[in-house]
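Please read the structure below before turning to the comments.
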Number of protein chains: 2
Amino acid sequence: MKRSFIREILESIDSETISFAGGLPDESLFPMEDLKIANMQVYEENTNLQYTTSNGLLELREKIADFYNEDGFPTDADNILITTGSQQALYILATYFKNREIIIEKPSYLGAVNIFKMNALNMKEIALHADGIDISAFKKGFEQTKLAYLIPDFQNPTGSLYAQAKRKEIASTILKNSGYIIEDAPYNELYFNEKSQSISSMIPKNSFHLGSFSKTLAPSLRLGWVRADNVILLELIKIKETIDLHSCSIAQHTLNNYLQDSSKYKIHLKNLRTYYREKMIFFAATLKQYLPQFKFTIPKGGMFIYGAIDGVDTFKFVQKCIEEKIVFVPANQFYLDKNISDEIRFNFTHTNQEEVLKGLEKIAKMLNTF
Amino acid sequence: MKRSFIREILESIDSETISFAGGLPDESLFPMEDLKIANMQVYEENTNLQYTTSNGLLELREKIADFYNEDGFPTDADNILITTGSQQALYILATYFKNREIIIEKPSYLGAVNIFKMNALNMKEIALHADGIDISAFKKGFEQTKLAYLIPDFQNPTGSLYAQAKRKEIASTILKNSGYIIEDAPYNELYFNEKSQSISSMIPKNSFHLGSFSKTLAPSLRLGWVRADNVILLELIKIKETIDLHSCSIAQHTLNNYLQDSSKYKIHLKNLRTYYREKMIFFAATLKQYLPQFKFTIPKGGMFIYGAIDGVDTFKFVQKCIEEKIVFVPANQFYLDKNISDEIRFNFTHTNQEEVLKGLEKIAKMLNTF
């Protein structure tokens, strides 16, 4: 088994290195004071530190269900399983669908690919365009797999946002084939213009919708969830319970307390969108100025700018950059065959303007001698 | 897949029910103030709320390594992987040893049995006596499996404590066969007399030693670990990373801050041992008074009193008790075949004296009409 390039990079780089690699949120935007208050309240009751139920705190599941209801997607607490990040939700689903065939986007999220490999899922890559997966290939492929893993909102790594028409076509294909979608949506709240309708909401019984607080609040909480049909969810709870009994309940109580006043979270999300949009605009402008060879599409949300430098083997190039204390993710990592690729994924949320300027200038300089 | 009887019970009973079922610590003994202070310190630095490394916080791994060193078991941070409870450490190991044969104690921990089933490990049960596993059967069986899962300290469910001579024989058998032990030790600090030497310390390269803060500090932290050879540990990190990237880092930082002054933790452990010993003595005395039909051995530590009521099908009996708002674990749950058993596991740590009196009196009354 190979480790994730990104996780390995994160662990090996020193504090001097400018990293455009990981999907790290900007820690200066964490609502530290509000989370601290919410966390302190946990200690008012010693039973809060006891074992809890495997599916997660009821009150927290109710609050997550409410978010769906506000989006017009009827959901209650019994549709929600709290997991140790949405990564674990995906792992649980891969265990549930073990040995099956599954459609993934080409390119796709590396962490998911590793999970699917570990659970012997046979992945079929289908090309991803700026407006979503290639729909005719999807329709054909889905007849066979009856299972797909998609990231419709500001996809990792490409930033691609699925068009509404495509979402509808995918939903009807899934329903027609009595299949399932695993819809991974860690970035869906990080839109710059408007929130898209989830595919899952069109097919509630045939979908698994994965959410996370890692990108919107703080990764350290390690809290995500899966929204699923309540009958299937019972099967997922058994798997969850076997893996780790339940997710950290100090974090669950903290989050539940924090969300008690949901307007606070909504204001935080609004600010986050504004800040990240500004960061993206700055990063994109700096790219155009320093690295005009890099061709990319402006993302409509999320955390990544994705593009290509024609003819450059970016996997070789990044090795050189790492020596010079700059890092990004070469896109061959996101393909099953790991063939040579001239594509790059830049994270724009974690670095500040100074680092962006310094980092991209350095990359441009090294590209000239590469 | 079946759910754990115990977890299902925990989720179904109401607050009126007196439960001797789960392995729950006494929440009135949680060091709330100290944990709260340790937790608040986490908010002094926003990077504490960012993603962290998959193997866990370096400082925390160093502190856990120090505990081993104090016990004369040379260990450093690279031997430690932090997990979401020791349950997850066990899950990771089961994934690592997938499809193998494995010796387990008869009876054994239900959560482990479910993990092994999920990972297609073929379990061979070997009888457990008051001083540990049947050693001649172990020697014979281990030649074939080269892998064993044992709980030598105050075993779950029986409370059995392995004799030192047996530990040595087991270690030498493992070494002779170039095999491995998974030594599960969540209760090893909860001794009433003295701490036993771990089997793992006799065979550092052939052992996985699992520890937990759930029984000594608070289950809500969901923090445990595995101590292993540093080369094998690298393989386990890959699995851990795939499952949930890393364990809750608010909890990791909290624990690390709490352990900064290790004398505080040591005093807490000492108090815990005293309180639990008193609780055990009271429970045992009440059993003898109200339920003389129940034959049991006084445990030397841990959380359980285990014994039998001659001729009573305790699985049927507990169903009746649950109706009357009393619950314990019928021992057929701890055997692979789930045959009729007249054994019972009582947890003595979670209930108070009033509940013990009321609960055992009620059980005695119902037994008379059963």
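Chain labels run A, B, ... following the order of the structure tokens; each chain numbers its residues from 1, and ligands are numbered from 1 in the order shown.
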Using only C-alpha atoms, determine which residues lie at most 10 Å from Ser160 in chain A, disregarding the query and same-chain residues fewer than 3 positions distant; provide the list as an MDAnalysis selection string. chainID A and resid 128:133 151:157 163 297:302 304:306
For N, CA and C atoms, I'd like the residues from the last selection saved as a PDB file, in the first residue's frame.
```pdb
ATOM      1  N   LEU A 128     -13.594  14.035 -16.497  1.00  0.00           N
ATOM      2  CA  LEU A 128     -14.302  15.133 -15.846  1.00  0.00           C
ATOM      3  C   LEU A 128     -14.078  16.404 -16.660  1.00  0.00           C
ATOM      4  N   HIS A 129     -15.176  17.107 -16.974  1.00  0.00           N
ATOM      5  CA  HIS A 129     -15.069  18.382 -17.662  1.00  0.00           C
ATOM      6  C   HIS A 129     -15.349  19.519 -16.670  1.00  0.00           C
ATOM      7  N   ALA A 130     -15.277  20.752 -17.172  1.00  0.00           N
ATOM      8  CA  ALA A 130     -15.474  21.912 -16.285  1.00  0.00           C
ATOM      9  C   ALA A 130     -16.886  21.934 -15.691  1.00  0.00           C
ATOM     10  N   ASP A 131     -17.851  21.349 -16.391  1.00  0.00           N
ATOM     11  CA  ASP A 131     -19.240  21.356 -15.902  1.00  0.00           C
ATOM     12  C   ASP A 131     -19.674  19.992 -15.360  1.00  0.00           C
ATOM     13  N   GLY A 132     -18.683  19.138 -15.065  1.00  0.00           N
ATOM     14  CA  GLY A 132     -19.004  17.832 -14.485  1.00  0.00           C
ATOM     15  C   GLY A 132     -18.542  16.672 -15.343  1.00  0.00           C
ATOM     16  N   ILE A 133     -18.867  15.486 -14.870  1.00  0.00           N
ATOM     17  CA  ILE A 133     -18.403  14.256 -15.506  1.00  0.00           C
ATOM     18  C   ILE A 133     -18.964  14.131 -16.927  1.00  0.00           C
ATOM     19  N   ILE A 151     -17.712  14.143  -6.796  1.00  0.00           N
ATOM     20  CA  ILE A 151     -17.525  15.336  -5.945  1.00  0.00           C
ATOM     21  C   ILE A 151     -18.037  16.529  -6.752  1.00  0.00           C
ATOM     22  N   PRO A 152     -19.348  16.737  -6.765  1.00  0.00           N
ATOM     23  CA  PRO A 152     -19.931  17.710  -7.702  1.00  0.00           C
ATOM     24  C   PRO A 152     -19.621  19.174  -7.394  1.00  0.00           C
ATOM     25  N   ASP A 153     -19.267  19.487  -6.136  1.00  0.00           N
ATOM     26  CA  ASP A 153     -19.060  20.896  -5.771  1.00  0.00           C
ATOM     27  C   ASP A 153     -17.587  21.213  -5.597  1.00  0.00           C
ATOM     28  N   PHE A 154     -17.021  21.945  -6.581  1.00  0.00           N
ATOM     29  CA  PHE A 154     -15.626  22.407  -6.499  1.00  0.00           C
ATOM     30  C   PHE A 154     -14.722  21.207  -6.237  1.00  0.00           C
ATOM     31  N   GLN A 155     -14.773  20.326  -7.203  1.00  0.00           N
ATOM     32  CA  GLN A 155     -14.148  19.012  -7.084  1.00  0.00           C
ATOM     33  C   GLN A 155     -12.685  19.082  -6.675  1.00  0.00           C
ATOM     34  N   ASN A 156     -12.278  18.071  -5.948  1.00  0.00           N
ATOM     35  CA  ASN A 156     -10.873  17.871  -5.609  1.00  0.00           C
ATOM     36  C   ASN A 156     -10.351  16.805  -6.561  1.00  0.00           C
ATOM     37  N   PRO A 157      -9.397  17.110  -7.426  1.00  0.00           N
ATOM     38  CA  PRO A 157      -8.510  18.274  -7.453  1.00  0.00           C
ATOM     39  C   PRO A 157      -8.911  19.411  -8.394  1.00  0.00           C
ATOM     40  N   ALA A 163     -22.862  21.276 -13.535  1.00  0.00           N
ATOM     41  CA  ALA A 163     -24.008  22.071 -13.964  1.00  0.00           C
ATOM     42  C   ALA A 163     -25.296  21.400 -13.486  1.00  0.00           C
ATOM     43  N   THR A 297      -8.682  27.392 -15.227  1.00  0.00           N
ATOM     44  CA  THR A 297     -10.013  27.985 -15.178  1.00  0.00           C
ATOM     45  C   THR A 297     -10.206  28.579 -13.783  1.00  0.00           C
ATOM     46  N   ILE A 298     -10.800  29.732 -13.707  1.00  0.00           N
ATOM     47  CA  ILE A 298     -11.102  30.349 -12.405  1.00  0.00           C
ATOM     48  C   ILE A 298     -12.171  29.502 -11.704  1.00  0.00           C
ATOM     49  N   PRO A 299     -11.885  29.001 -10.483  1.00  0.00           N
ATOM     50  CA  PRO A 299     -12.894  28.190  -9.792  1.00  0.00           C
ATOM     51  C   PRO A 299     -14.024  29.041  -9.227  1.00  0.00           C
ATOM     52  N   LYS A 300     -15.184  28.409  -9.039  1.00  0.00           N
ATOM     53  CA  LYS A 300     -16.359  29.136  -8.510  1.00  0.00           C
ATOM     54  C   LYS A 300     -16.550  28.900  -7.012  1.00  0.00           C
ATOM     55  N   GLY A 301     -15.542  28.260  -6.404  1.00  0.00           N
ATOM     56  CA  GLY A 301     -15.614  27.978  -4.975  1.00  0.00           C
ATOM     57  C   GLY A 301     -14.533  26.982  -4.603  1.00  0.00           C
ATOM     58  N   GLY A 302     -14.597  26.488  -3.378  1.00  0.00           N
ATOM     59  CA  GLY A 302     -13.663  25.456  -2.956  1.00  0.00           C
ATOM     60  C   GLY A 302     -12.320  25.979  -2.519  1.00  0.00           C
ATOM     61  N   PHE A 304      -9.167  25.025  -4.462  1.00  0.00           N
ATOM     62  CA  PHE A 304      -8.089  24.698  -5.400  1.00  0.00           C
ATOM     63  C   PHE A 304      -8.177  25.453  -6.722  1.00  0.00           C
ATOM     64  N   ILE A 305      -6.996  25.751  -7.251  1.00  0.00           N
ATOM     65  CA  ILE A 305      -6.878  26.201  -8.638  1.00  0.00           C
ATOM     66  C   ILE A 305      -6.117  25.110  -9.376  1.00  0.00           C
ATOM     67  N   TYR A 306      -6.702  24.653 -10.470  1.00  0.00           N
ATOM     68  CA  TYR A 306      -6.156  23.507 -11.190  1.00  0.00           C
ATOM     69  C   TYR A 306      -5.876  23.907 -12.624  1.00  0.00           C
TER      70      TYR A 306
END
```
What lies within 10 Å of Lys264 in chain A using only C-alpha atoms, ignoring chain neighbours under 6 positions off, as a list in words?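 Listing them by chain and then by number gives Pro31, Asp34, Tyr258 and Lys270 of chain A.
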Write the selection just made, keeping C-alpha atoms, as a tab-separated table (two decimals), in the first residue's frame?
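Once everything was written out, this is part01.tsv:
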```tsv
chain	number	residue	atom	x	y	z
A	31	PRO	CA	-13.62	30.97	15.09
A	34	ASP	CA	-16.62	30.85	19.88
A	258	TYR	CA	-21.24	25.97	18.86
A	270	LYS	CA	-20.47	34.01	4.86
```
Output as CSV one row per residue of chain B within 7 Å of chain A: the closest atom pair and its distance in Å to one decimal place, counting only C-alpha atoms, sorted by chain and residue number ascending.
```
residue,atom,partner,partner_atom,distance
B:Arg3,CA,A:Lys238,CA,5.6
B:Glu11,CA,A:Thr53,CA,6.1
B:Glu27,CA,A:Asn46,CA,5.8
B:Ser28,CA,A:Asn46,CA,6.7
B:Met32,CA,A:Tyr43,CA,6.5
B:Lys36,CA,A:Tyr43,CA,6.4
B:Met40,CA,A:Lys36,CA,6.8
B:Tyr43,CA,A:Lys36,CA,6.5
B:Asn46,CA,A:Glu27,CA,5.8
B:Thr47,CA,A:Glu27,CA,6.1
B:Leu49,CA,A:Ser220,CA,4.6
B:Gln50,CA,A:Pro219,CA,5.4
B:Tyr51,CA,A:Pro219,CA,5.3
B:Thr53,CA,A:Glu11,CA,6.1
B:Thr84,CA,A:Asp244,CA,6.1
B:Gly85,CA,A:Asp244,CA,6.4
B:Gln87,CA,A:Asp244,CA,5.3
B:Gln88,CA,A:Asp244,CA,4.8
B:Tyr91,CA,A:Ile243,CA,5.8
B:Gly111,CA,A:Thr242,CA,6.6
B:Asn114,CA,A:Thr242,CA,6.5
B:Ile115,CA,A:Thr242,CA,5.8
B:Ala218,CA,A:Leu49,CA,5.8
B:Pro219,CA,A:Tyr51,CA,5.3
B:Ser220,CA,A:Leu49,CA,4.6
B:Leu221,CA,A:Cys248,CA,5.6
B:Arg222,CA,A:Cys248,CA,5.2
B:Lys238,CA,A:Arg3,CA,5.6
B:Thr242,CA,A:Ile115,CA,5.9
B:Ile243,CA,A:Gln88,CA,5.5
B:Asp244,CA,A:Gln88,CA,4.8
B:Ser247,CA,A:Arg222,CA,6.9
B:Cys248,CA,A:Arg222,CA,5.2
B:Ser249,CA,A:Ser220,CA,4.8
B:Ile250,CA,A:Ser220,CA,5.7
```
Selection near Gly211 in chain B, 6 Å with only C-alpha atoms, sequence-local residues under 6 positions removed, as JSON, numbers by chain: {"B": [86, 185, 186, 224, 225]}
Assign secondary structure with DSSP using the backbone only, and return the residues of range 190-281 of chain A in alpha helix (DSSP H) as a count of residues only. 45
Hey, what's within 12 Å of Pro292 in chain B if we count only C-alpha atoms and toss same-chain stuff fewer than 3 positions away? As a VMD selection string, please? chain B and resid 284 to 289 295 to 296 307 to 310 360 to 361 363 to 364 367 to 368
Assign secondary structure with DSSP using the backbone only, and return the residues of range 88-152 of chain A in strand (DSSP E or B) as a ChimeraX atom specification. /A:101-106,122-129,132-133,147-150
Grab the residues selected above and save them as a PDB file, in the first residue's frame with N, CA and C atoms.
```
ATOM      1  N   GLU A 101     -17.812  -2.748  -8.334  1.00  0.00           N
ATOM      2  CA  GLU A 101     -17.266  -1.806  -9.302  1.00  0.00           C
ATOM      3  C   GLU A 101     -17.795  -0.413  -8.974  1.00  0.00           C
ATOM      4  N   ILE A 102     -16.985   0.595  -9.224  1.00  0.00           N
ATOM      5  CA  ILE A 102     -17.420   1.962  -8.909  1.00  0.00           C
ATOM      6  C   ILE A 102     -16.856   2.953  -9.927  1.00  0.00           C
ATOM      7  N   ILE A 103     -17.704   3.882 -10.340  1.00  0.00           N
ATOM      8  CA  ILE A 103     -17.253   4.958 -11.230  1.00  0.00           C
ATOM      9  C   ILE A 103     -16.625   6.052 -10.378  1.00  0.00           C
ATOM     10  N   ILE A 104     -15.450   6.518 -10.795  1.00  0.00           N
ATOM     11  CA  ILE A 104     -14.857   7.708 -10.172  1.00  0.00           C
ATOM     12  C   ILE A 104     -14.530   8.721 -11.270  1.00  0.00           C
ATOM     13  N   GLU A 105     -14.387   9.961 -10.857  1.00  0.00           N
ATOM     14  CA  GLU A 105     -14.018  11.000 -11.816  1.00  0.00           C
ATOM     15  C   GLU A 105     -12.537  10.868 -12.156  1.00  0.00           C
ATOM     16  N   LYS A 106     -12.198  11.298 -13.363  1.00  0.00           N
ATOM     17  CA  LYS A 106     -10.801  11.271 -13.797  1.00  0.00           C
ATOM     18  C   LYS A 106     -10.359  12.677 -14.076  1.00  0.00           C
ATOM     19  N   ASN A 122     -13.361  -1.973  -7.590  1.00  0.00           N
ATOM     20  CA  ASN A 122     -12.775  -1.878  -8.918  1.00  0.00           C
ATOM     21  C   ASN A 122     -13.196  -0.547  -9.548  1.00  0.00           C
ATOM     22  N   MET A 123     -12.236   0.387  -9.639  1.00  0.00           N
ATOM     23  CA  MET A 123     -12.567   1.748 -10.079  1.00  0.00           C
ATOM     24  C   MET A 123     -12.546   1.901 -11.591  1.00  0.00           C
ATOM     25  N   LYS A 124     -13.584   2.554 -12.123  1.00  0.00           N
ATOM     26  CA  LYS A 124     -13.655   2.904 -13.542  1.00  0.00           C
ATOM     27  C   LYS A 124     -13.595   4.423 -13.634  1.00  0.00           C
ATOM     28  N   GLU A 125     -12.520   4.946 -14.207  1.00  0.00           N
ATOM     29  CA  GLU A 125     -12.383   6.404 -14.322  1.00  0.00           C
ATOM     30  C   GLU A 125     -13.191   6.925 -15.510  1.00  0.00           C
ATOM     31  N   ILE A 126     -13.893   8.025 -15.292  1.00  0.00           N
ATOM     32  CA  ILE A 126     -14.599   8.684 -16.394  1.00  0.00           C
ATOM     33  C   ILE A 126     -14.191  10.156 -16.405  1.00  0.00           C
ATOM     34  N   ALA A 127     -13.910  10.639 -17.609  1.00  0.00           N
ATOM     35  CA  ALA A 127     -13.368  11.995 -17.764  1.00  0.00           C
ATOM     36  C   ALA A 127     -14.258  13.048 -17.115  1.00  0.00           C
ATOM     37  N   LEU A 128     -13.594  14.035 -16.497  1.00  0.00           N
ATOM     38  CA  LEU A 128     -14.302  15.133 -15.846  1.00  0.00           C
ATOM     39  C   LEU A 128     -14.078  16.404 -16.660  1.00  0.00           C
ATOM     40  N   HIS A 129     -15.176  17.107 -16.974  1.00  0.00           N
ATOM     41  CA  HIS A 129     -15.069  18.382 -17.662  1.00  0.00           C
ATOM     42  C   HIS A 129     -15.349  19.519 -16.670  1.00  0.00           C
ATOM     43  N   GLY A 132     -18.683  19.138 -15.065  1.00  0.00           N
ATOM     44  CA  GLY A 132     -19.004  17.832 -14.485  1.00  0.00           C
ATOM     45  C   GLY A 132     -18.542  16.672 -15.343  1.00  0.00           C
ATOM     46  N   ILE A 133     -18.867  15.486 -14.870  1.00  0.00           N
ATOM     47  CA  ILE A 133     -18.403  14.256 -15.506  1.00  0.00           C
ATOM     48  C   ILE A 133     -18.964  14.131 -16.927  1.00  0.00           C
ATOM     49  N   LEU A 147     -22.915   2.105  -9.274  1.00  0.00           N
ATOM     50  CA  LEU A 147     -22.324   2.793  -8.120  1.00  0.00           C
ATOM     51  C   LEU A 147     -21.327   3.833  -8.631  1.00  0.00           C
ATOM     52  N   ALA A 148     -21.417   5.040  -8.069  1.00  0.00           N
ATOM     53  CA  ALA A 148     -20.495   6.100  -8.495  1.00  0.00           C
ATOM     54  C   ALA A 148     -20.061   6.939  -7.310  1.00  0.00           C
ATOM     55  N   TYR A 149     -18.810   7.382  -7.360  1.00  0.00           N
ATOM     56  CA  TYR A 149     -18.283   8.315  -6.363  1.00  0.00           C
ATOM     57  C   TYR A 149     -17.988   9.633  -7.072  1.00  0.00           C
ATOM     58  N   LEU A 150     -18.740  10.675  -6.729  1.00  0.00           N
ATOM     59  CA  LEU A 150     -18.584  11.967  -7.393  1.00  0.00           C
ATOM     60  C   LEU A 150     -18.430  13.089  -6.360  1.00  0.00           C
TER      61      LEU A 150
END
```
Taking 6 positions as the minimum chain separation for residues in the same chain, which residues sit within 9 Å of Leu60 in chain B when counting only C-alpha atoms? Answer as a PyMOL selection string. chain B and resi 77+82+252-253+255-257+259
Produce a file of the selected residues containing N, CA and C atoms, as a PDB file, in the first residue's frame.
```pdb
ATOM      1  N   ALA B  77       9.059   7.539  20.435  1.00  0.00           N
ATOM      2  CA  ALA B  77       7.852   8.057  19.774  1.00  0.00           C
ATOM      3  C   ALA B  77       7.539   7.313  18.472  1.00  0.00           C
ATOM      4  N   ILE B  82      -1.016   6.853  17.486  1.00  0.00           N
ATOM      5  CA  ILE B  82      -2.223   7.281  18.208  1.00  0.00           C
ATOM      6  C   ILE B  82      -3.451   6.884  17.392  1.00  0.00           C
ATOM      7  N   GLN B 252      -6.195  15.243  21.295  1.00  0.00           N
ATOM      8  CA  GLN B 252      -4.764  14.928  21.421  1.00  0.00           C
ATOM      9  C   GLN B 252      -4.013  16.039  22.152  1.00  0.00           C
ATOM     10  N   HIS B 253      -4.290  17.275  21.777  1.00  0.00           N
ATOM     11  CA  HIS B 253      -3.624  18.400  22.448  1.00  0.00           C
ATOM     12  C   HIS B 253      -4.050  18.484  23.913  1.00  0.00           C
ATOM     13  N   LEU B 255      -5.021  16.067  25.875  1.00  0.00           N
ATOM     14  CA  LEU B 255      -4.344  14.999  26.605  1.00  0.00           C
ATOM     15  C   LEU B 255      -2.871  15.324  26.800  1.00  0.00           C
ATOM     16  N   ASN B 256      -2.244  15.840  25.756  1.00  0.00           N
ATOM     17  CA  ASN B 256      -0.830  16.194  25.843  1.00  0.00           C
ATOM     18  C   ASN B 256      -0.603  17.268  26.910  1.00  0.00           C
ATOM     19  N   ASN B 257      -1.481  18.264  26.957  1.00  0.00           N
ATOM     20  CA  ASN B 257      -1.370  19.300  27.990  1.00  0.00           C
ATOM     21  C   ASN B 257      -1.585  18.704  29.377  1.00  0.00           C
ATOM     22  N   LEU B 259      -1.026  15.717  30.404  1.00  0.00           N
ATOM     23  CA  LEU B 259       0.084  14.839  30.810  1.00  0.00           C
ATOM     24  C   LEU B 259       1.394  15.597  31.023  1.00  0.00           C
TER      25      LEU B 259
END
```
Could you state the separation of CA of Thr173 in chain B and CA of Lys240 in chain B in Å, given to one decimal place?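 These two atoms are separated by 29.4 Å.
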